[in-house]
Every structure is written in C-alpha cells, then in structure tokens.
Amino acid sequence: MWDSHGATCPGVVQWRTCPTRVGEPVFTVDALLIGLLAAFVVGLSKTGLPGAALIAVPMLATVFEGRLIAGGTLPILLVADVFAVSWYRQHARWDVLRPLAPWIGLGYLFGVSFFVAVGTATDIIEITIGVIVLGIIGLQVTRLIRRRSAPSGAGAGVAAAHGTIGGFTTFVANAAGPVINTYLIRLGLRKHELVGTSAWLYLIVNVSKIPLYVALGAWTTGGPFFTAESLLFDLSVVPGVLVGVATGRVVFRRLPQQLFTVLVLALSAAGAIRLLVR
C-alpha cells in the first residue's frame with residue numbers, strides 16, 4: 001500500500017488506495033468480495049458445516065496483515081456465533097466442555113506469549129498461521145482415513161492435549177475448529193450435539209479473547225488487533241455472515257459432509273500454502 005510519494009499508507013487493509021482524508025477507510029472491490037466470501041463461509045461453518053471456516057482464515061489473511069488477521073477475523077466469527085447459539089443452544093453438552101476449560105486457558109497463555117515474543121514480526125505470525133492451518137488439515141485428513149465406527153472416549157490426557165492445542169490455535173489463528181471437533185467426535189456426540197456444544201464453546205472463547213487482544217495491542221509491540229478501519233471492514237461484510245448462517249441451516253441435513261470436507265481441506269491447504277510463500 002503506497003501513496004504517490006512512495007510512503008506507506010496508514011491503515012491495515014491491503015488491496016486499497018490511500019485515503020483522501022486522514023483516517024478515511026477505503027476498501028477495494030476485491031478486498032470486499034473476499035471478505036464477503038470469507039464471512040459467508042464462517043456463517044456456513046457455524047450453522048451447518050463445522051470446520052469449513054478453515055478456508056476463511058487464509059482468505060482474510062490476504063486482506064489483513066500481522067495481528068489484524070486474528071483481530072479482523074474475530075468480529076465476523078462472533079456474529080456467526082450468536083446465530084449458532086440461538087438456533088442450537090438446546091443441544092449443548094456442558095459435561096464434555098468442562099474438562100477442556102483449564103487447558104484452553106493454558107493454550108491462551110501460550111498464545112499470549114507467542115504474540116509478545118514475535119512483536120512486530122508480522123511474517124512470523126503469518127507463517128505460524130499457515131503452519132497451524134496445514135497441521136490442522138493433516139489432523140483432519142488423518143481422522144478421515146482412520147475413521148472408526150464407534151467412539152473411543154477421551155481421558156484426561158486427551159482433553160489436555162486437545163484443549164491446550166485448541167486454545168493456542170484459536171488465540172493465534174482463530175482456527176481451533178478441527179481440533180475441538182475431533183475431540184467431540186471422539187466422544188461420540190451426535191450431529192446436533194456437536195454443533196450445539198461447539199456453538200457455545202466458540203461464543204465463550206471468542207468473547208474472552210477480546211480483552212486479551214485489546215491489552216496485547218495496548219501494552220506490547222506489534223500493533224493493535226482492532227482498528228476503526230478493520231472494524232468498519234468487518235461491519236461491511238456482515239451480510240455475508242447472514243447469508244452463510246441461513247444457508248448452513250438449510251443444508252445442514254442435505255449436503256454430503258464427506259465431499260464438502262474434502263473440498264474444504266483442499267482449499268484450506270491452498271490458502272495456508274499461500275501464507276507460507278507470500
């Protein structure tokens with residue numbers, strides 16, 4: 001992003017021209033279209049196709065950079081979380097969430113330490129997000145190949161591993177879905193139970209990240225997680241979320257999950273690789 005004098009434009013959204021007035025946000029059509037598509041996928045994942053939001057993280061990483069990848073994605077997720085909870089809240093299994101809570105907190109601690117350590121090194125953040133997404137895709141592929149006919153249960157060690165990894169990945173990359181979904185499937189949760197349980201979990205988790213992101217942005221180097229411009233961009237793509245959540249509810253029982261999962265993994269891998277080689 002450069003102005004006519006060769007200086008970097010203020011602001012955070014890529015693929016844009018410089019504002020004509022100080023503080024005036026300007027978004028290109030390309031960036032808005034990508035944001036709307038990412039928002040649609042987020043909505044779709046929250047109400048009908050868990051795990052599909054993996055696509056959204058690499059997509060939004062082409063619009064935001066550095067810490068704003070995590071911060072810019074969060075409001076979009078929260079809008080979709082509200083709809084998911086309102087529609088599937090009665091199916092939540094709180095008994096399976098309680099063992100995860102302290103370990104998710106530990107994952108948060110690792111995430112805070114990560115952002116403090118990397119400071120302004122946005123390339124490290126983007127590479128880390130790419131590696132995380134690829135690692136989660138590998139986990140999903142392994143799960144598909146080694147799918148079992150009966151749930152295997154989960155002990156304290158399994159809850160600790162999934163909770164810690166899930167806490168770290170959601171804090172750094174908003175990409176914990178496959179980790180948590182793998183844990184819930186391992187417990188034998190039915191489709192509605194999985195969606196309802198994860199809906200409450202992600203709403204609570206995503207709300208809890210807001211004060212931590214604000215504090216990190218204010219008290220550490222590396223820049224903010226939220227800006228007026230990023231929040232305005234998020235607001236502009238809310239229609240994509242609304243269409244996504246409505247579509248997800250309609251296709252919840254109709255679209256073949258196996259086919260969609262393969263497509264999601266392929267597109268997510270392509271997006272993650274783009275983060276690593278950009």
# chains A, B, ... in the order shown; residues from 1 in each chain; ligands from 1
call {"tool": "closest_atom_pairs", "arguments": {"of": "region 76-99 of chain A", "to": "region 44-54 of chain A", "cutoff": "8 Å", "atoms": "only C-alpha atoms", "output": "Markdown table"}}
result
| residue | atom | partner | partner_atom | distance |
| --- | --- | --- | --- | --- |
| A:Ala80 | CA | A:Lys46 | CA | 6.2 |
| A:Asp81 | CA | A:Lys46 | CA | 6.6 |
| A:Phe83 | CA | A:Thr47 | CA | 7.7 |
| A:Ala84 | CA | A:Thr47 | CA | 5.4 |
call {"tool": "closest_atom_pairs", "arguments": {"of": "region 52-130 of chain A", "to": "region 216-232 of chain A", "cutoff": "8 Å", "atoms": "only C-alpha atoms", "output": "JSON lines"}}
result
{"residue": "A:Arg67", "atom": "CA", "partner": "A:Phe225", "partner_atom": "CA", "distance": 5.2}
{"residue": "A:Leu68", "atom": "CA", "partner": "A:Phe225", "partner_atom": "CA", "distance": 4.8}
{"residue": "A:Ile69", "atom": "CA", "partner": "A:Phe225", "partner_atom": "CA", "distance": 7.9}
{"residue": "A:Ala70", "atom": "CA", "partner": "A:Phe225", "partner_atom": "CA", "distance": 6.9}
{"residue": "A:Gly71", "atom": "CA", "partner": "A:Phe225", "partner_atom": "CA", "distance": 4.4}
{"residue": "A:Gly72", "atom": "CA", "partner": "A:Ser230", "partner_atom": "CA", "distance": 5.8}
{"residue": "A:Pro75", "atom": "CA", "partner": "A:Leu231", "partner_atom": "CA", "distance": 7.7}
{"residue": "A:Val112", "atom": "CA", "partner": "A:Leu216", "partner_atom": "CA", "distance": 7.7}
{"residue": "A:Phe115", "atom": "CA", "partner": "A:Leu216", "partner_atom": "CA", "distance": 7.8}
{"residue": "A:Val116", "atom": "CA", "partner": "A:Thr220", "partner_atom": "CA", "distance": 6.4}
{"residue": "A:Val118", "atom": "CA", "partner": "A:Gly222", "partner_atom": "CA", "distance": 7.6}
{"residue": "A:Gly119", "atom": "CA", "partner": "A:Gly222", "partner_atom": "CA", "distance": 4.3}
{"residue": "A:Thr120", "atom": "CA", "partner": "A:Gly222", "partner_atom": "CA", "distance": 3.7}
{"residue": "A:Ala121", "atom": "CA", "partner": "A:Gly222", "partner_atom": "CA", "distance": 7.1}
{"residue": "A:Thr122", "atom": "CA", "partner": "A:Gly222", "partner_atom": "CA", "distance": 7.7}
call {"tool": "residues_around", "arguments": {"residues": "region 141-144 of chain A", "least_positions_apart": "4", "cutoff": "8 Å", "atoms": "only C-alpha atoms", "output": "list of chain:residue names"}}
result
A:Ile137, A:Thr182, A:Leu265
call {"tool": "write_last_selection", "arguments": {"atoms": "C-alpha atoms", "output": "short mmCIF file (atom, residue, chain, number, x, y, z; two decimals), in the first residue's frame"}}
result
data_model
loop_
_atom_site.label_atom_id
_atom_site.label_comp_id
_atom_site.auth_asym_id
_atom_site.auth_seq_id
_atom_site.Cartn_x
_atom_site.Cartn_y
_atom_site.Cartn_z
CA ILE A 137 -5.67 -30.09 7.83
CA THR A 182 -12.04 -34.11 16.61
CA LEU A 265 -9.40 -29.29 3.19
#
call {"tool": "atom_distance", "arguments": {"atom1": "CA of Val251 (chain A)", "atom2": "CA of Gln90 (chain A)"}}
result
19.6 Å
call {"tool": "closest_residue", "arguments": {"among": "A:Trp103, A:Tyr183, A:Phe40, A:Phe171", "to": "Thr247 (chain A)", "atoms": "only C-alpha atoms"}}
result
A:Phe40
call {"tool": "residues_around", "arguments": {"residues": "Ser198 (chain A)", "least_positions_apart": "3", "cutoff": "8 Å", "atoms": "only C-alpha atoms", "output": "ChimeraX atom specification"}}
result
/A:92,180-181,194-195,201-202
